[in-house]
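*Asks:* This is the structure I have questions about; it appears just below.
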Amino acid sequence: MSDQRLGDLIDDYCPRCKLLLNHAVASIMEDQVVKVICKTCYTEHAYRHGEGGKKKTPAGVTLFQQVLANAAPSEEPPAAVPTEGTAPAKKKRAAAPARYITRHATPPRKK
Ligand SMILES: [Zn+2]
């Protein structure tokens with residue numbers, strides 16, 4: 001992969017367009033493309049080898065897990081949810097969980 005030259009067209013992920021688009025090679029170091037310019041929005045950015053946005057997802061997953069933890073208190077694990085149709089009313093149950101906990105005081109089942 002050492003036949004790229006400055007100004008050559010190259011496919012890469014544009015962080016601004018959030019798409020895989022044509023780019024022009026803007027900087028080369030040791031036969032490796034290090035910077036490219038998006039031909040659509042003319043943003044210069046580091047060459048991503050066609051990949052983008054995947055490395056930042058863990059932070060979003062953590063936030064999502066925190067939201068889940070808040071919605072389901074540890075005293076009442078999801079496995080012990082009664083079959084009275086309370087599953088769709090998750091938000092209401094989180095707002096006033098005391099009623100259901102006292103009524104279903106069974107320990108969580110573990111298989
Ligand atoms: Zn772009």
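To be explicit about the labels: the chains of the structure tokens are called A, B, and onward in the order shown, and within each one the residues are counted from 1, while ligands get numbers from 1 in the order they are shown.
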May I have a table of the residues of chain A lying at most 6 Å from ligand 1, giving each one's closest pair of atoms and their distance in Å to one decimal, counting only C-alpha atoms and all ligand atoms, ordered by chain and ascending residue number, as JSON lines?
*Replies:*
```
{"residue": "A:Cys14", "atom": "CA", "partner": "ligand 1", "partner_atom_place_in_ligand_line": "1 (Zn)", "distance": 4.7}
{"residue": "A:Arg16", "atom": "CA", "partner": "ligand 1", "partner_atom_place_in_ligand_line": "1 (Zn)", "distance": 5.1}
{"residue": "A:Cys17", "atom": "CA", "partner": "ligand 1", "partner_atom_place_in_ligand_line": "1 (Zn)", "distance": 4.3}
{"residue": "A:Cys38", "atom": "CA", "partner": "ligand 1", "partner_atom_place_in_ligand_line": "1 (Zn)", "distance": 4.6}
{"residue": "A:Thr40", "atom": "CA", "partner": "ligand 1", "partner_atom_place_in_ligand_line": "1 (Zn)", "distance": 5.0}
{"residue": "A:Cys41", "atom": "CA", "partner": "ligand 1", "partner_atom_place_in_ligand_line": "1 (Zn)", "distance": 4.2}
{"residue": "A:Thr43", "atom": "CA", "partner": "ligand 1", "partner_atom_place_in_ligand_line": "1 (Zn)", "distance": 5.8}
```
*Asks:* Atoms to include: N, CA and C atoms. Write the selected residues as an mmCIF file, in the first residue's frame.
*Replies:*
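Result file follows (part27.cif):
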```cif
data_model
loop_
_atom_site.group_PDB
_atom_site.id
_atom_site.type_symbol
_atom_site.label_atom_id
_atom_site.label_comp_id
_atom_site.auth_asym_id
_atom_site.auth_seq_id
_atom_site.Cartn_x
_atom_site.Cartn_y
_atom_site.Cartn_z
ATOM 1 N N CYS A 14 -15.666 9.950 6.816
ATOM 2 C CA CYS A 14 -15.603 11.369 7.186
ATOM 3 C C CYS A 14 -16.355 11.578 8.492
ATOM 4 N N ARG A 16 -17.299 14.245 9.821
ATOM 5 C CA ARG A 16 -18.274 15.339 9.743
ATOM 6 C C ARG A 16 -19.509 14.904 8.962
ATOM 7 N N CYS A 17 -19.278 14.238 7.827
ATOM 8 C CA CYS A 17 -20.404 13.747 7.031
ATOM 9 C C CYS A 17 -20.972 12.451 7.608
ATOM 10 N N CYS A 38 -11.821 15.491 3.046
ATOM 11 C CA CYS A 38 -13.098 15.038 2.518
ATOM 12 C C CYS A 38 -13.444 15.843 1.269
ATOM 13 N N THR A 40 -16.295 16.049 0.000
ATOM 14 C CA THR A 40 -17.664 16.545 0.097
ATOM 15 C C THR A 40 -17.748 17.802 0.954
ATOM 16 N N CYS A 41 -17.101 17.784 2.145
ATOM 17 C CA CYS A 41 -17.199 18.946 3.037
ATOM 18 C C CYS A 41 -15.847 19.632 3.212
ATOM 19 N N THR A 43 -13.296 18.864 4.889
ATOM 20 C CA THR A 43 -12.703 18.802 6.219
ATOM 21 C C THR A 43 -11.455 17.923 6.170
#
```
*Asks:* So how far away is atom CA of His23 of chain A from atom CA of Lys39 of chain A, in Å?
*Replies:*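 Answer for the atom CA of Lys39 of chain A to atom CA of His23 of chain A separation: 5.1 Å.
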*Asks:* Would you work out the distance separating atom CA of Gly7 of chain A from atom CA of Ile37 of chain A, expressed in Å to one decimal?
*Replies:* 8.9 Å
*Asks:* If we count only C-alpha atoms and set the cut-off at 12 Å, which residues sit around Val36 of chain A, ignoring sequence neighbours fewer than 4 positions away in its own chain? Please answer as a ChimeraX atom specification.
*Replies:* /A:4-15,21-28,32,40-50
*Asks:* Any idea what the distance is between atom CA of Leu20 of chain A and atom CA of Glu51 of chain A?
*Replies:* 8.3 Å
